[in-house]
file entry_5.tsv (TSV, C-alpha atoms)
chain	number	residue	atom	x	y	z
A	1	MET	CA	18.31	10.55	-10.56
A	2	LEU	CA	19.40	11.94	-13.94
A	3	PRO	CA	17.75	15.09	-15.33
A	4	PHE	CA	14.68	14.17	-17.37
A	5	ALA	CA	15.10	14.98	-21.05
A	6	ASN	CA	12.66	17.33	-22.76
A	7	LEU	CA	11.57	15.73	-26.04
A	8	SER	CA	8.87	18.30	-26.79
A	9	ASP	CA	9.05	20.34	-29.96
A	10	ASP	CA	8.97	23.43	-27.77
A	11	ARG	CA	12.36	23.66	-26.10
A	12	GLU	CA	10.86	26.08	-23.59
A	13	GLN	CA	9.16	23.09	-21.99
A	14	GLN	CA	12.46	22.15	-20.32
A	15	TYR	CA	11.18	23.76	-17.11
A	16	PHE	CA	8.50	21.09	-16.83
A	17	ALA	CA	11.03	18.25	-17.19
A	18	ASP	CA	13.31	19.96	-14.65
A	19	GLY	CA	10.40	20.31	-12.23
A	20	ILE	CA	9.67	16.58	-12.40
A	21	THR	CA	13.36	15.81	-11.82
A	22	ALA	CA	13.54	18.09	-8.79
A	23	ASP	CA	10.29	16.87	-7.21
A	24	LEU	CA	11.11	13.23	-7.80
A	25	THR	CA	14.55	13.68	-6.22
A	26	THR	CA	12.85	15.09	-3.12
A	27	ASP	CA	10.22	12.36	-2.98
A	28	LEU	CA	12.75	9.54	-3.38
A	29	SER	CA	14.93	11.07	-0.66
A	30	ARG	CA	12.06	10.58	1.79
A	31	LEU	CA	11.96	6.82	1.28
A	32	ALA	CA	13.46	4.77	4.08
A	33	ASP	CA	17.21	4.11	3.75
A	34	MET	CA	17.30	5.74	0.32
A	35	PHE	CA	20.53	7.51	-0.63
A	36	VAL	CA	19.83	9.92	-3.48
A	37	ILE	CA	22.45	12.15	-5.11
A	38	SER	CA	21.56	15.84	-4.88
A	39	ARG	CA	19.90	17.42	-7.91
A	40	HIS	CA	22.76	19.90	-8.27
A	41	THR	CA	25.23	17.05	-8.79
A	42	ALA	CA	22.83	15.11	-10.99
A	43	PHE	CA	22.22	18.11	-13.25
A	44	THR	CA	25.92	18.21	-14.20
A	45	TYR	CA	25.16	15.13	-16.35
A	46	ARG	CA	22.56	16.95	-18.45
A	47	ASP	CA	23.05	16.75	-22.23
A	48	LYS	CA	26.00	14.39	-21.85
A	49	PRO	CA	26.32	10.80	-23.13
A	50	VAL	CA	25.08	8.50	-20.37
A	51	ASP	CA	27.29	5.64	-19.20
A	52	THR	CA	25.45	4.21	-16.23
A	53	LYS	CA	28.38	2.08	-15.09
A	54	GLN	CA	30.62	5.13	-15.02
A	55	ILE	CA	27.98	7.17	-13.17
A	56	GLY	CA	27.65	4.38	-10.63
A	57	ARG	CA	31.40	4.37	-10.01
A	58	GLU	CA	31.74	8.15	-9.89
A	59	LEU	CA	28.83	8.73	-7.52
A	60	GLY	CA	28.81	5.47	-5.59
A	61	VAL	CA	25.22	4.61	-6.49
A	62	ARG	CA	23.68	1.22	-7.26
A	63	TYR	CA	20.80	2.38	-9.46
A	64	VAL	CA	20.26	5.12	-12.02
A	65	LEU	CA	16.86	6.53	-12.90
A	66	GLU	CA	16.44	8.30	-16.20
A	67	GLY	CA	13.47	9.56	-18.13
A	68	SER	CA	12.00	11.89	-20.68
A	69	VAL	CA	9.03	14.22	-21.02
A	70	ARG	CA	7.14	14.87	-24.24
A	71	ARG	CA	4.35	17.44	-24.34
A	72	SER	CA	2.12	17.77	-27.37
A	73	GLY	CA	-0.99	19.92	-27.28
A	74	ASN	CA	-2.93	19.03	-24.16
A	75	GLN	CA	-1.15	15.68	-23.63
A	76	VAL	CA	1.99	14.85	-21.67
A	77	ARG	CA	3.88	11.57	-21.91
A	78	VAL	CA	6.56	10.69	-19.37
A	79	ASN	CA	8.85	7.69	-19.91
A	80	VAL	CA	11.02	6.48	-17.06
A	81	GLN	CA	13.40	3.57	-16.59
A	82	LEU	CA	15.45	2.17	-13.73
A	83	ILE	CA	18.92	0.82	-14.55
A	84	ASP	CA	21.28	-1.30	-12.47
A	85	ALA	CA	24.51	0.70	-12.50
A	86	GLU	CA	26.63	-2.37	-11.86
A	87	ASN	CA	25.71	-4.23	-15.04
A	88	ASP	CA	23.74	-1.69	-17.10
A	89	ALA	CA	20.64	-3.94	-16.93
A	90	HIS	CA	17.19	-2.39	-17.29
A	91	LEU	CA	15.20	-3.37	-14.20
A	92	TRP	CA	11.96	-1.47	-14.71
A	93	ALA	CA	10.34	0.87	-17.20
A	94	GLU	CA	7.00	2.63	-17.25
A	95	ARG	CA	5.11	5.17	-19.34
A	96	PHE	CA	2.70	7.72	-17.92
A	97	ASP	CA	0.20	9.47	-20.21
A	98	CYS	CA	-1.75	12.39	-18.79
A	99	ALA	CA	-3.88	15.25	-20.01
A	100	THR	CA	-2.62	18.71	-19.15
A	101	GLY	CA	-4.79	20.90	-17.01
A	102	ASP	CA	-3.33	22.23	-13.82
A	103	LEU	CA	0.36	21.68	-14.63
A	104	PHE	CA	1.40	21.87	-10.99
A	105	ALA	CA	-1.12	19.18	-10.00
A	106	LEU	CA	-0.08	17.09	-13.01
A	107	GLN	CA	3.59	17.31	-12.11
A	108	ASN	CA	2.75	16.41	-8.53
A	109	GLU	CA	0.77	13.32	-9.53
A	110	ILE	CA	3.38	12.08	-12.00
A	111	THR	CA	6.19	12.32	-9.46
A	112	SER	CA	4.08	10.63	-6.80
A	113	ARG	CA	3.17	7.72	-9.06
A	114	ILE	CA	6.80	7.20	-10.06
A	115	ALA	CA	7.99	7.37	-6.45
A	116	VAL	CA	5.42	4.81	-5.29
A	117	ALA	CA	6.22	2.41	-8.13
A	118	LEU	CA	9.96	2.79	-7.59
A	119	ASP	CA	9.69	2.08	-3.88
A	120	LEU	CA	8.17	-1.33	-4.67
A	121	GLU	CA	10.66	-2.04	-7.46
A	122	LEU	CA	13.75	-1.07	-5.47
A	123	VAL	CA	12.77	-3.17	-2.47
A	124	GLY	CA	12.23	-6.12	-4.80
A	125	ALA	CA	15.53	-5.52	-6.59
A	126	GLU	CA	17.48	-5.28	-3.35
A	127	ALA	CA	15.77	-8.34	-1.90
A	128	ALA	CA	16.77	-10.33	-4.99
A	129	ARG	CA	20.45	-9.56	-4.45
A	130	ARG	CA	21.64	-12.68	-2.71
A	131	THR	CA	24.66	-12.21	-0.47
A	132	GLU	CA	26.85	-14.85	1.09
A	133	HIS	CA	26.48	-13.38	4.58
A	134	PRO	CA	23.21	-11.45	4.80
A	135	ASP	CA	22.99	-8.66	7.35
A	136	ALA	CA	19.92	-7.30	9.12
A	137	LEU	CA	19.01	-4.97	6.26
A	138	ASP	CA	19.11	-7.86	3.77
A	139	TYR	CA	16.57	-9.77	5.83
A	140	ILE	CA	14.40	-6.69	6.28
A	141	LEU	CA	14.28	-6.06	2.54
A	142	ARG	CA	13.47	-9.70	1.84
A	143	GLY	CA	10.72	-9.53	4.42
A	144	GLN	CA	9.30	-6.37	2.86
A	145	ALA	CA	9.38	-7.95	-0.59
A	146	LEU	CA	7.45	-10.96	0.71
A	147	GLY	CA	5.05	-9.27	3.09
A	148	TYR	CA	4.29	-6.15	1.08
A	149	GLY	CA	5.39	-6.94	-2.45
A	150	LYS	CA	2.89	-9.77	-2.79
A	151	ALA	CA	-0.83	-10.10	-2.16
A	152	PRO	CA	-1.67	-10.66	1.52
A	153	ALA	CA	-1.68	-14.38	2.30
A	154	ARG	CA	-1.00	-16.55	5.33
A	155	GLU	CA	2.23	-18.05	3.99
A	156	ASN	CA	3.62	-14.70	2.81
A	157	TYR	CA	3.09	-13.16	6.23
A	158	ALA	CA	4.66	-16.19	7.94
A	159	GLU	CA	7.79	-16.02	5.77
A	160	ALA	CA	8.06	-12.24	6.13
A	161	ILE	CA	7.75	-12.46	9.92
A	162	ALA	CA	10.48	-15.11	10.04
A	163	LEU	CA	12.78	-12.84	8.01
A	164	PHE	CA	12.10	-9.82	10.23
A	165	GLU	CA	12.80	-11.97	13.29
A	166	ARG	CA	16.16	-12.99	11.78
A	167	ALA	CA	16.96	-9.33	11.17
A	168	LEU	CA	16.11	-8.52	14.77
A	169	ALA	CA	18.27	-11.40	16.01
A	170	LEU	CA	21.23	-9.91	14.13
A	171	ASP	CA	20.48	-6.37	15.27
A	172	PRO	CA	18.23	-6.31	18.36
A	173	ARG	CA	18.24	-2.50	18.40
A	174	SER	CA	17.10	-2.07	14.81
A	175	VAL	CA	14.10	0.26	14.85
A	176	ARG	CA	13.31	-0.72	11.29
A	177	ALA	CA	13.29	-4.45	12.09
A	178	GLN	CA	11.15	-3.86	15.19
A	179	SER	CA	8.70	-1.73	13.21
A	180	TRP	CA	8.31	-4.02	10.21
A	181	LEU	CA	7.94	-7.08	12.42
A	182	ALA	CA	5.29	-5.33	14.52
A	183	ASN	CA	3.46	-4.21	11.42
A	184	ALA	CA	3.46	-7.69	9.88
A	185	LEU	CA	2.08	-9.19	13.09
A	186	ALA	CA	-0.71	-6.61	13.27
A	187	ALA	CA	-1.41	-6.85	9.54
A	188	ARG	CA	-2.00	-10.58	9.57
A	189	VAL	CA	-4.48	-10.06	12.39
A	190	LEU	CA	-6.26	-7.43	10.31
A	191	ASP	CA	-6.26	-9.77	7.31
A	192	GLN	CA	-7.63	-12.63	9.43
A	193	VAL	CA	-4.79	-15.03	8.59
A	194	THR	CA	-3.42	-15.76	12.06
A	195	ASP	CA	-4.15	-18.49	14.60
A	196	SER	CA	-2.74	-16.40	17.46
A	197	ALA	CA	-4.26	-12.91	17.26
A	198	ALA	CA	-3.84	-12.04	20.94
A	199	ALA	CA	-0.19	-13.16	21.00
A	200	ASP	CA	0.59	-11.36	17.74
A	201	LEU	CA	-0.87	-8.09	19.00
A	202	ALA	CA	0.88	-8.36	22.37
A	203	CYS	CA	4.22	-8.91	20.63
A	204	ALA	CA	3.56	-6.07	18.19
A	205	GLU	CA	2.75	-3.71	21.05
A	206	GLY	CA	6.04	-4.45	22.75
A	207	LEU	CA	8.01	-3.95	19.54
A	208	VAL	CA	6.27	-0.65	18.73
A	209	GLY	CA	6.99	0.60	22.24
A	210	GLN	CA	10.69	-0.22	21.85
A	211	ALA	CA	10.91	1.38	18.40
A	212	LEU	CA	9.22	4.64	19.40
A	213	ALA	CA	11.23	4.87	22.63
A	214	THR	CA	14.44	4.67	20.59
A	215	SER	CA	13.28	6.72	17.62
A	216	PRO	CA	10.13	8.80	18.27
A	217	GLY	CA	10.31	10.28	14.77
A	218	SER	CA	10.47	6.96	12.88
A	219	PRO	CA	7.74	6.86	10.20
A	220	GLN	CA	8.01	3.05	10.10
A	221	ALA	CA	7.31	2.88	13.84
A	222	HIS	CA	4.34	5.21	13.55
A	223	PHE	CA	2.98	3.16	10.65
A	224	ALA	CA	3.29	-0.02	12.73
A	225	LYS	CA	1.53	1.68	15.63
A	226	GLY	CA	-1.27	2.69	13.27
A	227	SER	CA	-1.70	-0.94	12.18
A	228	LEU	CA	-1.68	-2.10	15.80
A	229	LEU	CA	-4.35	0.43	16.77
A	230	CYS	CA	-6.47	-0.60	13.77
A	231	ALA	CA	-6.25	-4.24	14.83
A	232	ARG	CA	-7.47	-3.18	18.27
A	233	ASN	CA	-10.36	-1.19	16.72
A	234	ARG	CA	-8.92	2.11	18.02
A	235	PHE	CA	-9.43	3.91	14.75
A	236	GLU	CA	-9.45	7.51	15.99
A	237	GLU	CA	-5.99	7.02	17.50
A	238	ALA	CA	-4.76	5.23	14.38
A	239	ILE	CA	-5.73	8.23	12.23
A	240	SER	CA	-3.20	10.37	14.10
A	241	GLU	CA	-0.45	7.81	13.48
A	242	TYR	CA	-1.10	7.59	9.75
A	243	GLU	CA	-1.22	11.37	9.46
A	244	THR	CA	2.21	11.48	11.12
A	245	VAL	CA	3.52	8.97	8.57
A	246	LEU	CA	2.20	11.04	5.66
A	247	ALA	CA	3.81	14.18	7.08
A	248	PHE	CA	7.15	12.35	6.65
A	249	ASN	CA	6.33	10.84	3.26
A	250	ARG	CA	3.26	12.02	1.34
A	251	ASN	CA	3.62	9.07	-1.06
A	252	TRP	CA	3.36	6.26	1.47
A	253	VAL	CA	0.44	4.72	-0.37
A	254	SER	CA	-0.32	2.09	2.29
A	255	ALA	CA	-0.70	4.87	4.84
A	256	ILE	CA	-3.06	6.73	2.51
A	257	ALA	CA	-5.25	3.64	2.12
A	258	ALA	CA	-5.09	2.79	5.83
A	259	LEU	CA	-6.04	6.34	6.79
A	260	GLY	CA	-9.10	6.00	4.58
A	261	TRP	CA	-9.92	2.66	6.24
A	262	CYS	CA	-9.88	4.37	9.64
A	263	LYS	CA	-12.07	7.16	8.29
A	264	PHE	CA	-14.56	4.48	7.23
A	265	PHE	CA	-14.84	3.11	10.75
A	266	THR	CA	-15.23	6.57	12.24
A	267	GLY	CA	-18.17	7.26	9.93
A	268	SER	CA	-16.48	9.44	7.28
A	269	ILE	CA	-17.22	7.05	4.44
A	270	GLU	CA	-16.81	9.65	1.68
A	271	GLU	CA	-13.27	10.36	2.88
A	272	ALA	CA	-12.67	6.62	2.98
A	273	LEU	CA	-13.72	6.36	-0.65
A	274	THR	CA	-11.47	9.25	-1.73
A	275	ALA	CA	-8.45	7.73	0.01
A	276	GLN	CA	-8.85	4.33	-1.69
A	277	GLU	CA	-9.27	6.02	-5.08
A	278	GLN	CA	-6.08	8.02	-4.46
A	279	ALA	CA	-4.19	4.86	-3.49
A	280	ILE	CA	-5.32	3.11	-6.68
A	281	ARG	CA	-4.36	6.10	-8.79
A	282	LEU	CA	-0.87	6.24	-7.26
A	283	SER	CA	-0.25	2.47	-7.31
A	284	PRO	CA	-2.50	0.84	-9.92
A	285	ARG	CA	-0.55	-2.45	-9.81
A	286	ASP	CA	-0.18	-2.66	-6.05
A	287	PRO	CA	-0.29	-6.14	-4.45
A	288	TYR	CA	-2.84	-4.81	-1.95
A	289	ILE	CA	-5.16	-3.34	-4.53
A	290	GLY	CA	-7.75	-6.02	-3.80
A	291	ASP	CA	-8.24	-4.53	-0.32
A	292	TRP	CA	-8.77	-1.09	-1.82
A	293	TYR	CA	-11.34	-2.41	-4.29
A	294	TRP	CA	-13.11	-4.12	-1.38
A	295	ARG	CA	-13.30	-0.91	0.64
A	296	ILE	CA	-14.73	1.00	-2.31
A	297	GLY	CA	-17.35	-1.71	-2.71
A	298	MET	CA	-18.22	-1.48	0.98
A	299	VAL	CA	-18.77	2.27	0.75
A	300	HIS	CA	-20.96	1.93	-2.34
A	301	LEU	CA	-23.07	-0.76	-0.67
A	302	LEU	CA	-23.63	1.41	2.41
A	303	GLN	CA	-24.59	4.25	0.07
A	304	ARG	CA	-27.20	1.87	-1.40
A	305	CYS	CA	-25.45	1.87	-4.79
A	306	THR	CA	-25.77	-1.91	-5.00
A	307	GLU	CA	-24.90	-2.40	-8.66
A	308	GLU	CA	-21.73	-0.32	-8.34
A	309	ALA	CA	-20.84	-2.12	-5.12
A	310	ILE	CA	-21.07	-5.47	-6.89
A	311	VAL	CA	-18.66	-4.32	-9.61
A	312	TRP	CA	-16.00	-3.29	-7.08
A	313	LEU	CA	-16.50	-6.32	-4.84
A	314	GLN	CA	-16.12	-8.64	-7.82
A	315	ARG	CA	-12.85	-6.89	-8.63
A	316	ALA	CA	-11.73	-7.38	-5.04
A	317	CYS	CA	-12.49	-11.11	-5.19
A	318	SER	CA	-10.60	-11.43	-8.48
A	319	ALA	CA	-7.57	-9.51	-7.18
A	320	ASN	CA	-7.26	-11.68	-4.08
A	321	PRO	CA	-9.50	-14.77	-4.33
A	322	ARG	CA	-8.33	-16.07	-0.95
A	323	HIS	CA	-9.67	-13.18	1.11
A	324	ALA	CA	-12.97	-14.01	2.83
A	325	GLY	CA	-14.19	-10.47	3.53
A	326	PRO	CA	-15.07	-9.32	0.00
A	327	HIS	CA	-17.09	-12.50	-0.56
A	328	ALA	CA	-19.24	-11.73	2.49
A	329	TRP	CA	-19.94	-8.20	1.32
A	330	LEU	CA	-20.67	-9.52	-2.17
A	331	ALA	CA	-23.11	-12.03	-0.65
A	332	SER	CA	-24.95	-9.16	1.02
A	333	ALA	CA	-24.98	-7.12	-2.20
A	334	TYR	CA	-26.34	-9.99	-4.30
A	335	ALA	CA	-29.02	-10.71	-1.70
A	336	LEU	CA	-30.13	-7.08	-1.63
A	337	LYS	CA	-30.29	-7.17	-5.41
A	338	GLY	CA	-32.52	-10.26	-5.23
A	339	ASP	CA	-30.03	-12.80	-6.59
A	340	ALA	CA	-30.44	-15.45	-3.89
A	341	SER	CA	-28.37	-18.14	-5.62
A	342	ARG	CA	-25.24	-16.00	-6.05
A	343	ALA	CA	-25.68	-14.58	-2.56
A	344	ALA	CA	-25.71	-18.06	-1.02
A	345	GLY	CA	-22.66	-19.06	-3.08
A	346	GLU	CA	-20.63	-16.05	-1.96
A	347	LEU	CA	-21.58	-16.58	1.68
A	348	ALA	CA	-20.47	-20.20	1.43
A	349	GLU	CA	-17.16	-19.05	-0.05
A	350	ALA	CA	-16.63	-16.53	2.73
A	351	ARG	CA	-17.17	-19.29	5.29
A	352	ARG	CA	-14.76	-21.61	3.46
A	353	LEU	CA	-12.01	-19.01	3.30
A	354	SER	CA	-12.44	-17.60	6.79
A	355	ASN	CA	-9.94	-18.40	9.52
A	356	ASP	CA	-12.70	-18.46	12.17
A	357	ASP	CA	-16.46	-18.87	12.51
A	358	ARG	CA	-17.46	-15.22	12.13
A	359	TYR	CA	-19.57	-15.91	9.03
A	360	CYS	CA	-21.61	-18.66	10.68
A	361	SER	CA	-24.10	-16.23	12.23
A	362	VAL	CA	-24.85	-12.56	12.60
A	363	THR	CA	-24.17	-12.76	16.33
A	364	ARG	CA	-20.74	-14.31	15.83
A	365	PHE	CA	-19.84	-11.78	13.16
A	366	LYS	CA	-20.77	-8.87	15.41
A	367	ALA	CA	-18.61	-10.36	18.14
A	368	ALA	CA	-15.63	-10.56	15.77
A	369	ILE	CA	-15.70	-6.96	14.51
A	370	ASP	CA	-17.12	-3.77	15.95
A	371	PHE	CA	-18.25	-1.29	13.31
A	372	GLY	CA	-18.46	1.44	15.94
A	373	PRO	CA	-21.31	3.78	16.85
A	374	GLN	CA	-21.03	5.82	13.64
A	375	LEU	CA	-21.50	2.83	11.34
A	376	ARG	CA	-23.47	0.38	13.43
A	377	THR	CA	-26.95	1.55	12.44
A	378	LEU	CA	-26.03	1.87	8.77
A	379	CYS	CA	-24.51	-1.62	8.65
A	380	GLU	CA	-27.50	-3.08	10.48
A	381	SER	CA	-29.98	-1.71	7.95
A	382	ILE	CA	-27.93	-2.60	4.85
A	383	TYR	CA	-25.00	-5.00	5.26
A	384	PHE	CA	-26.48	-7.27	7.92
A	385	ALA	CA	-29.90	-7.10	6.28
A	386	GLY	CA	-28.27	-8.45	3.12
A	387	LEU	CA	-26.42	-11.19	5.00
A	388	ARG	CA	-29.66	-12.34	6.57
A	389	LYS	CA	-31.27	-12.51	3.13
A	390	ALA	CA	-28.22	-14.46	1.90
A	391	GLY	CA	-28.94	-17.13	4.49
A	392	MET	CA	-26.85	-16.12	7.51
A	393	PRO	CA	-28.75	-17.11	10.69
A	394	GLU	CA	-29.10	-14.72	13.61
A	395	VAL	CA	-27.39	-16.97	16.14
call {"tool": "encode", "arguments": {"input": "entry_5.tsv", "output": "structure tokens"}}
result
Amino acid sequence: MLPFANLSDDREQQYFADGITADLTTDLSRLADMFVISRHTAFTYRDKPVDTKQIGRELGVRYVLEGSVRRSGNQVRVNVQLIDAENDAHLWAERFDCATGDLFALQNEITSRIAVALDLELVGAEAARRTEHPDALDYILRGQALGYGKAPARENYAEAIALFERALALDPRSVRAQSWLANALAARVLDQVTDSAAADLACAEGLVGQALATSPGSPQAHFAKGSLLCARNRFEEAISEYETVLAFNRNWVSAIAALGWCKFFTGSIEEALTAQEQAIRLSPRDPYIGDWYWRIGMVHLLQRCTEEAIVWLQRACSANPRHAGPHAWLASAYALKGDASRAAGELAEARRLSNDDRYCSVTRFKAAIDFGPQLRTLCESIYFAGLRKAGMPEV
């Protein structure tokens, strides 16, 4: 993590560039298995010609992150790029443009957005490094790149689970392999793309128990436990797990979004909305962004903001066309708006995409998912009322 260069006309703005460098170094250090050179060592390279290959050899690092900050008036532009220190290849570059206001908050948001984006990029870069004799970590990274670097889909989960199982076979005591495998099993239940929900959850429970017994402080294990509890509709307990994860790493964007999802089911729908908006702001190109759009649409529909709900639900369907859930909510929204034709079409699509028969009737849907006492009445008067108008029978 090289010191960010200050390209502002005002040389006194160096403090702002240094602050981003320091905060980003801290944030990256909190990522799992990330080895980051201390800022004191990194700052010895300030104002010197950069030879990334030489830096890689001298410090024993695989990647170099460099960037610049330019402040003009009330605007700040941050450019950042990730370089492979072995071959000097540029792997990733991004530009962040922000308006100045509260400089501390601005600096905080910029570093968070970079850290989140880098986490995805580095996992992908490491997973792409093919080795002749892969070890457990190689399989874990490949599994992460498949299961969490791509939109949720049945085949992606299946491949990721197979990779995590290979990692666990090589290292049966690996807390990370246990945790990621448990999370993938629970996640595909949550995303309704499994034919063996009960078996998946039973296996995930055993793996989470092993991981936490070995490493009670593992954020990956706590995240997996949160997913497991969500899949079992134990949302209050899941909230505690996700809060533990965020205490370790404030930029774990999936935990932010999942925490908001739990808040939704416990009746705090405004907090749910805020969490999804924060996740989108931190990771605007995230593979799971379709889920976050969907949740925002759900909240707007339950707030009787039907037009706004339709906008977000359409975005969710576009981001992940193979997910049944957003189509069902969109069917309800269209029906409440009075567009019977589109409502019927979306309901038919939800049924086509679904892995089970939950969209065949209101009774079957209620048996498949429990909205809990805080949401039940609200969903009955809005969501289910819309589904009935869309053509969903009672039984």
call {"tool": "atom_distance", "arguments": {"input": "entry_5.tsv", "atom1": "CA of Ala160 in chain A", "atom2": "CA of Cys317 in chain A"}}
result
23.5 Å
call {"tool": "residues_around", "arguments": {"input": "entry_5.tsv", "residues": "Ala177 in chain A", "least_positions_apart": "5", "cutoff": "12 Å", "atoms": "only C-alpha atoms", "output": "PyMOL selection string"}}
result
chain A and resi 135-144+160-172+182-184+204+207-208+210-211+218+220-221+224
call {"tool": "residues_near_point", "arguments": {"input": "entry_5.tsv", "point": "(8.7, 20.5, -12.3)", "cutoff": "12 Å", "atoms": "only C-alpha atoms", "output": "count of residues only"}}
result
27
call {"tool": "closest_residue", "arguments": {"input": "entry_5.tsv", "among": "A:Ala42, A:Leu336, A:Leu353, A:Ala272", "to": "Val61 in chain A", "atoms": "all atoms listed in the file"}}
result
A:Ala42
call {"tool": "atom_distance", "arguments": {"input": "entry_5.tsv", "atom1": "CA of Lys150 in chain A", "atom2": "CA of Tyr288 in chain A"}}
result
7.6 Å
call {"tool": "residues_around", "arguments": {"input": "entry_5.tsv", "residues": "range 70-82 of chain A", "least_positions_apart": "3", "cutoff": "12 Å", "atoms": "all atoms listed in the file", "output": "mmCIF file with C-alpha atoms, in the coordinates of the input"}}
result
data_model
loop_
_atom_site.group_PDB
_atom_site.id
_atom_site.type_symbol
_atom_site.label_atom_id
_atom_site.label_comp_id
_atom_site.auth_asym_id
_atom_site.auth_seq_id
_atom_site.Cartn_x
_atom_site.Cartn_y
_atom_site.Cartn_z
ATOM 1 C CA MET A 1 18.310 10.550 -10.560
ATOM 2 C CA LEU A 2 19.400 11.940 -13.940
ATOM 3 C CA PRO A 3 17.750 15.090 -15.330
ATOM 4 C CA PHE A 4 14.680 14.170 -17.370
ATOM 5 C CA ALA A 5 15.100 14.980 -21.050
ATOM 6 C CA ASN A 6 12.660 17.330 -22.760
ATOM 7 C CA LEU A 7 11.570 15.730 -26.040
ATOM 8 C CA SER A 8 8.870 18.300 -26.790
ATOM 9 C CA ASP A 9 9.050 20.340 -29.960
ATOM 10 C CA ASP A 10 8.970 23.430 -27.770
ATOM 11 C CA ARG A 11 12.360 23.660 -26.100
ATOM 12 C CA GLU A 12 10.860 26.080 -23.590
ATOM 13 C CA GLN A 13 9.160 23.090 -21.990
ATOM 14 C CA GLN A 14 12.460 22.150 -20.320
ATOM 15 C CA TYR A 15 11.180 23.760 -17.110
ATOM 16 C CA PHE A 16 8.500 21.090 -16.830
ATOM 17 C CA ALA A 17 11.030 18.250 -17.190
ATOM 18 C CA ILE A 20 9.670 16.580 -12.400
ATOM 19 C CA THR A 21 13.360 15.810 -11.820
ATOM 20 C CA LEU A 24 11.110 13.230 -7.800
ATOM 21 C CA THR A 52 25.450 4.210 -16.230
ATOM 22 C CA ARG A 62 23.680 1.220 -7.260
ATOM 23 C CA TYR A 63 20.800 2.380 -9.460
ATOM 24 C CA VAL A 64 20.260 5.120 -12.020
ATOM 25 C CA LEU A 65 16.860 6.530 -12.900
ATOM 26 C CA GLU A 66 16.440 8.300 -16.200
ATOM 27 C CA GLY A 67 13.470 9.560 -18.130
ATOM 28 C CA ALA A 85 24.510 0.700 -12.500
ATOM 29 C CA ASP A 88 23.740 -1.690 -17.100
ATOM 30 C CA ALA A 89 20.640 -3.940 -16.930
ATOM 31 C CA HIS A 90 17.190 -2.390 -17.290
ATOM 32 C CA LEU A 91 15.200 -3.370 -14.200
ATOM 33 C CA TRP A 92 11.960 -1.470 -14.710
ATOM 34 C CA ALA A 93 10.340 0.870 -17.200
ATOM 35 C CA GLU A 94 7.000 2.630 -17.250
ATOM 36 C CA ARG A 95 5.110 5.170 -19.340
ATOM 37 C CA PHE A 96 2.700 7.720 -17.920
ATOM 38 C CA ASP A 97 0.200 9.470 -20.210
ATOM 39 C CA CYS A 98 -1.750 12.390 -18.790
ATOM 40 C CA ALA A 99 -3.880 15.250 -20.010
ATOM 41 C CA THR A 100 -2.620 18.710 -19.150
ATOM 42 C CA GLY A 101 -4.790 20.900 -17.010
ATOM 43 C CA ASP A 102 -3.330 22.230 -13.820
ATOM 44 C CA LEU A 103 0.360 21.680 -14.630
ATOM 45 C CA LEU A 106 -0.080 17.090 -13.010
ATOM 46 C CA GLN A 107 3.590 17.310 -12.110
ATOM 47 C CA GLU A 109 0.770 13.320 -9.530
ATOM 48 C CA ILE A 110 3.380 12.080 -12.000
ATOM 49 C CA THR A 111 6.190 12.320 -9.460
ATOM 50 C CA ARG A 113 3.170 7.720 -9.060
ATOM 51 C CA ILE A 114 6.800 7.200 -10.060
ATOM 52 C CA ALA A 115 7.990 7.370 -6.450
ATOM 53 C CA ALA A 117 6.220 2.410 -8.130
ATOM 54 C CA LEU A 118 9.960 2.790 -7.590
ATOM 55 C CA ASP A 119 9.690 2.080 -3.880
ATOM 56 C CA GLU A 121 10.660 -2.040 -7.460
ATOM 57 C CA LEU A 122 13.750 -1.070 -5.470
ATOM 58 C CA ALA A 125 15.530 -5.520 -6.590
#
call {"tool": "residues_near_point", "arguments": {"input": "entry_5.tsv", "point": "(-15.5, -2.3, -6.8)", "cutoff": "8 Å", "atoms": "all atoms listed in the file", "output": "MDAnalysis selection string"}}
result
chainID A and resid 293:297 308:316
call {"tool": "closest_residue", "arguments": {"input": "entry_5.tsv", "among": "A:Asp200, A:Glu394, A:Glu86, A:Glu205", "to": "Gln54 in chain A", "atoms": "all atoms listed in the file"}}
result
A:Glu86
call {"tool": "residues_around", "arguments": {"input": "entry_5.tsv", "residues": "Asn156 in chain A", "least_positions_apart": "3", "cutoff": "6 Å", "atoms": "all atoms listed in the file", "output": "ChimeraX atom specification"}}
result
/A:146-147,153,159
call {"tool": "residues_around", "arguments": {"input": "entry_5.tsv", "residues": "Gly372 in chain A", "least_positions_apart": "6", "cutoff": "12 Å", "atoms": "all atoms listed in the file", "output": "list in words"}}
result
Asn233, Arg234, Phe235, Glu236, Cys262, Lys263, Phe264, Phe265, Thr266, Gly267, Ser268, Lys366, Leu378, Cys379 and Glu380 of chain A
call {"tool": "atom_distance", "arguments": {"input": "entry_5.tsv", "atom1": "CA of Val189 in chain A", "atom2": "CA of Cys230 in chain A"}}
result
9.8 Å
call {"tool": "closest_residue", "arguments": {"input": "entry_5.tsv", "among": "A:Ser174, A:Gln192, A:Asn87, A:Thr41", "to": "Arg358 in chain A", "atoms": "only C-alpha atoms"}}
result
A:Gln192
call {"tool": "closest_residue", "arguments": {"input": "entry_5.tsv", "among": "A:Gly217, A:Pro373, A:Pro321, A:Pro152", "to": "Glu349 in chain A", "atoms": "all atoms listed in the file"}}
result
A:Pro321
call {"tool": "residues_around", "arguments": {"input": "entry_5.tsv", "residues": "Gly345 in chain A", "least_positions_apart": "3", "cutoff": "12 Å", "atoms": "all atoms listed in the file", "output": "PyMOL selection string"}}
result
chain A and resi 327-328+330-332+334-335+339-342+348-352+387+390-392
